[in-house]
Amino acid sequence: MFDAPVQFVRCSDSPSPERLEAAEPVRFGVPLPAGKLRSPAAQLISPRGNEAAAQTRVTARWPDGSARWVLIDAVLPKESPVGDGQQWRCRLNESDETAPPGETGNSVGPGSLQWNGRGGWVFRAKDRAASSLAAVQLASYAVAPPSSHTAVAPSPKALIITWDVQDGSGNFYQPADGRRLECLSGSVVHKERWEGSFSGPFRPWPRRVRRDLVWRMTWEFFPAANLARVRLTLRHRGRAIHRGGCWDLGDPGSIFLKDFTLRVRPGEPARAWLGRVQDGGSVRVLGGEFSAGAGPSSPRAATGPDFVVYQDSSGGENWRSYNHVNAQGRIPCRFRGFHAVAPGERLEGLRAEPTVGLRCRGEWLLAAVPEFWQRFPKALRVSAEEIALGILPEEWGDRHELQGGEQVSATLCLRWDAEDCHAETHDPGPFRVIAALTKPLQALGGWEPSLAVEIGDAAVPPAVYAALPVADFARAGLHGENGLLANRERADEYGFRHFGDVYADHEARYYRGQRPHVSHYNNQFDLLLGALLQRLCGRCGDWDAVLHPLARHVIDIDVYHTDRDRAPFNGGLFWLTDHYRTAHTCTHRAFSRRNAESPGYGGGPSSEHNYTTGLLLYHFLFGDDDARETVLSLADWVIAMEDGGRTPFFFIDAGPTGAATATSEADYHGPGRAAANSINALLDGWLISGEKRFLDFAERLLRRTVHPADDIPARRLHDAERRWSYTMYFEVAARYLHLKQAWDQCDETYAYVAQSLLHYARWMLEHEQPFLARREELEYPTEVWAAQSLRQANVLWAAARLAEGDLRARLQRQAEDWTDRAWRDLYGFDCPVNARTLAVVLTAALRGACHCMAPPLPCPRGEPPVLSPPESFLPQRTRVKRLLRKPSACALVLPRAFYPPNLIRLLNLLRTWRN
């Protein structure tokens, strides 16, 4: 049995009530030690001893087949105590039912979506008295404006859910080719995930078979809570053209849309409507009756919605921030905040949190939208026939540009309630309930963070965390004057493309251009992981205000969702925007033509910016399937960029390209952040999928980039500007050793990496200094160098766990001295807290504390294996250049190039590599 306390709290800006007004679902992940449980079943027990319904799903397993992570779905009953101090118990026991590894709760049974043969799906809930929903049809026939479509007549209890896209010319497009990805059915939640494309191409490219625009829908239904959630994602799967390596808005590869709307239609026309609009502490309720006989075929359907809430901008002080420019450099935001319009009434305000409802046969269908104002522009429209969520609404003062490889997502919460509600009621209870569900309860687990083996090199107990200097630093970084939340307002990091990213305030220090300064951090150094570590080790739910939007931003915006560009770009992560320059119109894609002042400027996604562990942990903690897919995609990206067969040189040399390990220079393939990030992403791919191919490739890169007998001076590690990131590499090497030990795989490669780490640590003891001890060598001696010195100390802390005797003592003393100096140097600056120092310190400080406390790692014993001398790796381009210098080789290569299959393949590759 596994037993741990757990609390359920809301985000800090929405204080938790003492008792729930209605049943509410919760979802959270729990890590388990090896061998504990194989098919766990969960019990969730309240402080009063009552049990909540729960179901489990194993999301990762140990090598012996036992559960490593368990995802728990539960519904807390009405009147359940939640909030700080309300301790629930989470108990996991071995289930009586047996299931193959990874298949617990994964079944197709009652409640599955069924294809209806008419362009849609039918969902039928299990027959239970607590559920007011009998059937839901998800149809995809909205090929024309809503007033002219025809639909299958549903039952009185049915819902029809549709979505449609309208291009700039007013043409409507319908979803098509629906394919079910997953169906999970249990006692608490029924979940299905579907994906598909659209019926017509958006651009008349000749012989274009695959469509550029695709959709993905996730449907979740919680019968005990009368609640459903629909999450809809629209992805532009085509590539950007990025001429000259610049990625500005207005790119020829972009798609421009007028409207993208999700529509929910009850089975019969509604008789009344209500709209609740909350703006900060103010709540207004509007409502009205519909005329008898109103329906899809009646004339009133063409008059438009009866109630519309439209959010045009963030409503903040900086609502017209340069952050929101379009391709022409114009800011399309027309007014501050939102407008709400109903017959004879008009509301204006700053930040709308709307809830709407339709009454059909005495029962209310309620709808609410999480992060409505934060992800502006948004529109919520109500008529007798439907509730419509404008995800990219037509009310916006410009066309919506979806860049190549970019996607946009939105969630709609639906709830059914029989309580009578009137506009005269100040704040109707059912509307309050669904409004609260837009900020769902989050679990703060009482289990030891070190149980999560994936972060075992950076997880410390809460009691230890509270005494570390990083605890105060993190609080200032979240809530302080220069903290993440304050900077979000300062830069107005809101809107569907920006919300969740972090303003790179440190870049403003040396910015000399025209104000305002706009810079995006794009999760560099895995700030998401740092936020999650503070949440776990500090048991602080305040970090949810940062980490949930940040994870969504990385998944939707920072990842290049295409397979039609060159291999080193496809599926990759975009860099942070330019150092000490404004981003102009490149949004979150690093390079703007406005900043191209010298030859060689430009680029694209790169192995030096590939951060996955935060997404890995996010998936395990919150059950986000998109995070899992992103981790696997980024791990596969590493393998793909190394495939020489995907480059135009394939017919000369199809060997490894070196793109995954080149740091700062094309010919440097030693310890550095490119190799660090690539190896780490592969380790995460292995941890989240169990596929050994990822681990094998990681070990191949480890052997390429480091050797126990390396000539370290030849690596020029003293060049801090170009080689500082060797410390990142050895942090990842230490993580690799920790994971191999946890898997009981202390094999030859383990010994190889351990000896290499010790070899470099000995060199550091004799030759290395903290970065700021040699300020004269640094171009910009800023506070981040103090933060990076924590990484230097971490290498020594990790090596000390492998060393013995006097060497261990020396390593520990030096690591402690460098850690203390790093903190002194950091607080010696006027502004120690900024986005970059936070991203480094939140993880590095905990890694050092963890290594300091952790027991020794298994040290390689006996005679070391006989190793060949270190060999320099030559990247593909270098090998090709050397080969083509030989006339005899050219004579062999040219016939290969003109071999017809090779020539066709070469021309296709040159077309994708043209920019």
# chains A, B, ... in the order shown; residues from 1 in each chain; ligands from 1
call {"tool": "residues_around", "arguments": {"residues": "range 355-360 of chain A", "least_positions_apart": "5", "cutoff": "7 Å", "atoms": "only C-alpha atoms", "output": "JSON, numbers by chain"}}
result
{"A": [270, 271, 272, 273, 274, 275, 276, 277, 365, 366, 367, 368, 431, 435]}
call {"tool": "write_last_selection", "arguments": {"atoms": "all heavy atoms", "output": "compact mmCIF listing (two decimals), in the first residue's frame"}}
result
# COMPACT_ATOMS: atom_id res chain seq x y z
N ALA A 270 -33.47 26.80 -27.27
CA ALA A 270 -33.59 27.20 -25.87
C ALA A 270 -34.75 28.15 -25.67
O ALA A 270 -35.20 28.83 -26.60
CB ALA A 270 -32.29 27.84 -25.42
N ARG A 271 -35.21 28.22 -24.43
CA ARG A 271 -36.34 29.09 -24.10
C ARG A 271 -35.89 30.37 -23.41
O ARG A 271 -36.63 31.35 -23.39
CB ARG A 271 -37.32 28.33 -23.22
CG ARG A 271 -37.81 27.04 -23.87
CD ARG A 271 -38.78 26.29 -22.99
NE ARG A 271 -39.21 25.05 -23.63
CZ ARG A 271 -40.13 24.22 -23.13
NH1 ARG A 271 -40.72 24.52 -21.97
NH2 ARG A 271 -40.44 23.11 -23.76
N ALA A 272 -34.68 30.33 -22.80
CA ALA A 272 -34.17 31.51 -22.10
C ALA A 272 -32.65 31.43 -22.05
O ALA A 272 -32.05 30.37 -22.26
CB ALA A 272 -34.76 31.60 -20.69
N TRP A 273 -32.06 32.58 -21.79
CA TRP A 273 -30.60 32.62 -21.67
C TRP A 273 -30.21 33.50 -20.49
O TRP A 273 -30.95 34.40 -20.07
CB TRP A 273 -29.96 33.16 -22.95
CG TRP A 273 -30.28 34.61 -23.24
CD1 TRP A 273 -31.35 35.08 -23.95
CD2 TRP A 273 -29.54 35.77 -22.81
NE1 TRP A 273 -31.33 36.45 -23.99
CE2 TRP A 273 -30.23 36.90 -23.31
CE3 TRP A 273 -28.37 35.95 -22.07
CZ2 TRP A 273 -29.77 38.19 -23.08
CZ3 TRP A 273 -27.92 37.24 -21.84
CH2 TRP A 273 -28.61 38.35 -22.34
N LEU A 274 -29.04 33.23 -19.96
CA LEU A 274 -28.44 34.07 -18.94
C LEU A 274 -26.96 34.22 -19.25
O LEU A 274 -26.31 33.29 -19.76
CB LEU A 274 -28.59 33.47 -17.54
CG LEU A 274 -29.91 33.65 -16.81
CD1 LEU A 274 -29.83 33.03 -15.42
CD2 LEU A 274 -30.28 35.12 -16.69
N GLY A 275 -26.41 35.37 -18.93
CA GLY A 275 -24.98 35.60 -19.08
C GLY A 275 -24.43 36.24 -17.81
O GLY A 275 -24.99 37.24 -17.32
N ARG A 276 -23.41 35.66 -17.26
CA ARG A 276 -22.74 36.19 -16.07
C ARG A 276 -21.36 36.67 -16.48
O ARG A 276 -20.57 35.90 -17.04
CB ARG A 276 -22.63 35.12 -14.99
CG ARG A 276 -21.85 35.53 -13.74
CD ARG A 276 -21.64 34.30 -12.85
NE ARG A 276 -21.04 34.61 -11.57
CZ ARG A 276 -19.73 34.62 -11.34
NH1 ARG A 276 -18.87 34.38 -12.33
NH2 ARG A 276 -19.27 34.88 -10.13
N VAL A 277 -21.06 37.93 -16.22
CA VAL A 277 -19.76 38.49 -16.59
C VAL A 277 -19.07 38.99 -15.33
O VAL A 277 -19.57 39.90 -14.66
CB VAL A 277 -19.91 39.65 -17.60
CG1 VAL A 277 -18.53 40.17 -18.00
CG2 VAL A 277 -20.69 39.20 -18.83
N LEU A 365 -28.13 24.42 -19.64
CA LEU A 365 -26.84 24.05 -20.20
C LEU A 365 -25.92 25.25 -20.00
O LEU A 365 -26.15 26.33 -20.56
CB LEU A 365 -26.97 23.72 -21.69
CG LEU A 365 -25.64 23.57 -22.46
CD1 LEU A 365 -24.83 22.41 -21.91
CD2 LEU A 365 -25.90 23.41 -23.95
N LEU A 366 -24.88 25.08 -19.20
CA LEU A 366 -23.98 26.16 -18.83
C LEU A 366 -22.64 25.98 -19.52
O LEU A 366 -22.18 24.85 -19.74
CB LEU A 366 -23.77 26.18 -17.31
CG LEU A 366 -25.04 26.20 -16.45
CD1 LEU A 366 -24.70 26.00 -14.99
CD2 LEU A 366 -25.78 27.50 -16.66
N ALA A 367 -22.00 27.08 -19.86
CA ALA A 367 -20.70 27.04 -20.54
C ALA A 367 -19.80 28.13 -19.98
O ALA A 367 -20.25 29.24 -19.67
CB ALA A 367 -20.86 27.22 -22.05
N ALA A 368 -18.52 27.81 -19.86
CA ALA A 368 -17.52 28.78 -19.40
C ALA A 368 -16.20 28.47 -20.09
O ALA A 368 -15.95 27.33 -20.51
CB ALA A 368 -17.36 28.72 -17.88
N PHE A 431 -24.11 29.24 -12.04
CA PHE A 431 -23.16 30.01 -12.83
C PHE A 431 -21.86 30.24 -12.05
O PHE A 431 -20.78 30.27 -12.61
CB PHE A 431 -23.79 31.34 -13.24
CG PHE A 431 -24.81 31.19 -14.33
CD1 PHE A 431 -26.09 30.72 -14.04
CD2 PHE A 431 -24.52 31.51 -15.64
CE1 PHE A 431 -27.03 30.56 -15.04
CE2 PHE A 431 -25.46 31.36 -16.64
CZ PHE A 431 -26.72 30.89 -16.35
N ALA A 435 -18.16 28.84 -13.21
CA ALA A 435 -17.09 29.84 -13.27
C ALA A 435 -15.88 29.38 -12.46
O ALA A 435 -14.73 29.56 -12.88
CB ALA A 435 -17.60 31.18 -12.75
call {"tool": "residues_around", "arguments": {"residues": "Gly35 in chain A", "least_positions_apart": "3", "cutoff": "8 Å", "atoms": "only C-alpha atoms", "output": "PDB file with N, CA and C atoms, in the first residue's frame"}}
result
ATOM      1  N   ARG A  38       1.665  -3.022  -8.921  1.00  0.00           N
ATOM      2  CA  ARG A  38       1.656  -3.301 -10.353  1.00  0.00           C
ATOM      3  C   ARG A  38       0.407  -2.742 -11.034  1.00  0.00           C
ATOM      4  N   TRP A  62       8.336   0.775 -14.048  1.00  0.00           N
ATOM      5  CA  TRP A  62       9.720   0.388 -13.779  1.00  0.00           C
ATOM      6  C   TRP A  62      10.087  -0.824 -14.649  1.00  0.00           C
ATOM      7  N   ASP A  64      10.768  -3.725 -13.852  1.00  0.00           N
ATOM      8  CA  ASP A  64      10.143  -4.971 -13.387  1.00  0.00           C
ATOM      9  C   ASP A  64       8.643  -5.023 -13.648  1.00  0.00           C
ATOM     10  N   GLY A  65       8.108  -3.998 -14.303  1.00  0.00           N
ATOM     11  CA  GLY A  65       6.685  -3.974 -14.625  1.00  0.00           C
ATOM     12  C   GLY A  65       5.824  -3.289 -13.591  1.00  0.00           C
ATOM     13  N   SER A  66       6.381  -2.933 -12.434  1.00  0.00           N
ATOM     14  CA  SER A  66       5.592  -2.229 -11.426  1.00  0.00           C
ATOM     15  C   SER A  66       5.376  -0.779 -11.849  1.00  0.00           C
ATOM     16  N   ALA A  67       4.352  -0.156 -11.263  1.00  0.00           N
ATOM     17  CA  ALA A  67       3.982   1.207 -11.636  1.00  0.00           C
ATOM     18  C   ALA A  67       5.016   2.208 -11.125  1.00  0.00           C
TER      19      ALA A  67
END
call {"tool": "residues_around", "arguments": {"residues": "Leu909 in chain A", "least_positions_apart": "2", "cutoff": "8 Å", "atoms": "only C-alpha atoms", "output": "list in words"}}
result
Arg566, Arg646, Thr647, Pro648, Arg905, Leu906, Leu907, Arg911, Thr912 and Trp913 of chain A
call {"tool": "write_last_selection", "arguments": {"atoms": "C-alpha atoms", "output": "PDB file, in the first residue's frame"}}
result
ATOM      1  CA  ARG A 566      14.558  20.680 -43.292  1.00  0.00           C
ATOM      2  CA  ARG A 646      17.949  13.727 -44.763  1.00  0.00           C
ATOM      3  CA  THR A 647      20.403  16.338 -46.042  1.00  0.00           C
ATOM      4  CA  PRO A 648      21.360  17.265 -49.623  1.00  0.00           C
ATOM      5  CA  ARG A 905      15.395  13.001 -53.951  1.00  0.00           C
ATOM      6  CA  LEU A 906      18.117  15.643 -54.153  1.00  0.00           C
ATOM      7  CA  LEU A 907      15.857  18.133 -55.881  1.00  0.00           C
ATOM      8  CA  ARG A 911      13.561  22.631 -52.276  1.00  0.00           C
ATOM      9  CA  THR A 912      13.004  22.159 -48.533  1.00  0.00           C
ATOM     10  CA  TRP A 913      16.499  23.467 -47.700  1.00  0.00           C
TER      11      TRP A 913
END
call {"tool": "residues_around", "arguments": {"residues": "Phe335 in chain A", "least_positions_apart": "3", "cutoff": "9 Å", "atoms": "only C-alpha atoms", "output": "number ranges by chain"}}
result
A: 312-313, 315, 319-320, 338
call {"tool": "closest_residue", "arguments": {"among": "A:Val840, A:Leu184, A:Ile72, A:Leu227", "to": "Gln524 in chain A", "atoms": "only C-alpha atoms"}}
result
A:Val840
call {"tool": "select_by_dssp", "arguments": {"residues": "range 348-480 of chain A", "states": "strand (DSSP E)", "output": "number ranges by chain"}}
result
A: 348-349, 352-360, 363-368, 378-382, 387-392, 400-402, 407-417, 442-445
call {"tool": "residues_around", "arguments": {"residues": "Ala22 in chain A", "least_positions_apart": "6", "cutoff": "12 Å", "atoms": "only C-alpha atoms", "output": "PyMOL selection string"}}
result
chain A and resi 75-81+224-227+415-417+429-437
call {"tool": "residues_around", "arguments": {"residues": "range 304-308 of chain A", "least_positions_apart": "4", "cutoff": "7 Å", "atoms": "only C-alpha atoms", "output": "ChimeraX atom specification"}}
result
/A:340-343,379-383
call {"tool": "write_last_selection", "arguments": {"atoms": "N, CA and C atoms", "output": "tab-separated table (two decimals), in the first residue's frame"}}
result
chain	number	residue	atom	x	y	z
A	340	ALA	N	-19.65	43.72	-23.71
A	340	ALA	CA	-20.71	42.70	-23.64
A	340	ALA	C	-22.00	43.36	-24.10
A	341	VAL	N	-22.63	42.76	-25.11
A	341	VAL	CA	-23.79	43.38	-25.73
A	341	VAL	C	-24.97	42.41	-25.67
A	342	ALA	N	-26.10	42.93	-25.19
A	342	ALA	CA	-27.36	42.20	-25.16
A	342	ALA	C	-28.45	43.16	-25.64
A	343	PRO	N	-29.65	42.64	-25.98
A	343	PRO	CA	-30.72	43.55	-26.43
A	343	PRO	C	-30.99	44.64	-25.40
A	379	ALA	N	-14.40	35.55	-28.16
A	379	ALA	CA	-15.80	35.95	-28.16
A	379	ALA	C	-16.63	34.78	-27.68
A	380	LEU	N	-17.61	35.07	-26.85
A	380	LEU	CA	-18.58	34.07	-26.41
A	380	LEU	C	-19.96	34.59	-26.80
A	381	ARG	N	-20.66	33.83	-27.66
A	381	ARG	CA	-21.92	34.28	-28.24
A	381	ARG	C	-23.04	33.31	-27.86
A	382	VAL	N	-24.22	33.86	-27.60
A	382	VAL	CA	-25.37	33.05	-27.19
A	382	VAL	C	-26.57	33.41	-28.06
A	383	SER	N	-27.23	32.38	-28.59
A	383	SER	CA	-28.51	32.54	-29.27
A	383	SER	C	-29.39	31.38	-28.87
call {"tool": "residues_around", "arguments": {"residues": "Met853 in chain A", "least_positions_apart": "3", "cutoff": "10 Å", "atoms": "only C-alpha atoms", "output": "list of chain:residue names"}}
result
A:Val460, A:Val464, A:Trp797, A:Arg801, A:Gly848, A:Ala849, A:Cys850, A:Pro856
call {"tool": "closest_residue", "arguments": {"among": "A:Pro887, A:Pro354, A:Pro40, A:Gly267", "to": "Lys378 in chain A", "atoms": "only C-alpha atoms"}}
result
A:Pro354
call {"tool": "select_by_dssp", "arguments": {"residues": "range 581-802 of chain A", "states": "helix (DSSP H, G or I)", "output": "JSON, numbers by chain"}}
result
{"A": [593, 594, 595, 613, 614, 615, 616, 617, 618, 619, 620, 621, 622, 625, 626, 627, 628, 629, 630, 631, 632, 633, 634, 635, 636, 637, 638, 639, 640, 641, 644, 645, 646, 673, 674, 675, 676, 677, 678, 679, 680, 681, 682, 683, 684, 685, 686, 687, 688, 689, 692, 693, 694, 695, 696, 697, 698, 699, 700, 701, 702, 703, 704, 705, 712, 713, 714, 715, 720, 721, 722, 723, 726, 727, 728, 729, 730, 731, 732, 733, 734, 735, 736, 737, 738, 739, 740, 741, 742, 748, 749, 750, 751, 752, 753, 754, 755, 756, 757, 758, 759, 760, 761, 762, 763, 764, 765, 766, 767, 771, 772, 773, 774, 775, 776, 777, 783, 784, 785, 786, 787, 788, 789, 790, 791, 792, 793, 794, 795, 796, 797, 798, 799, 800]}
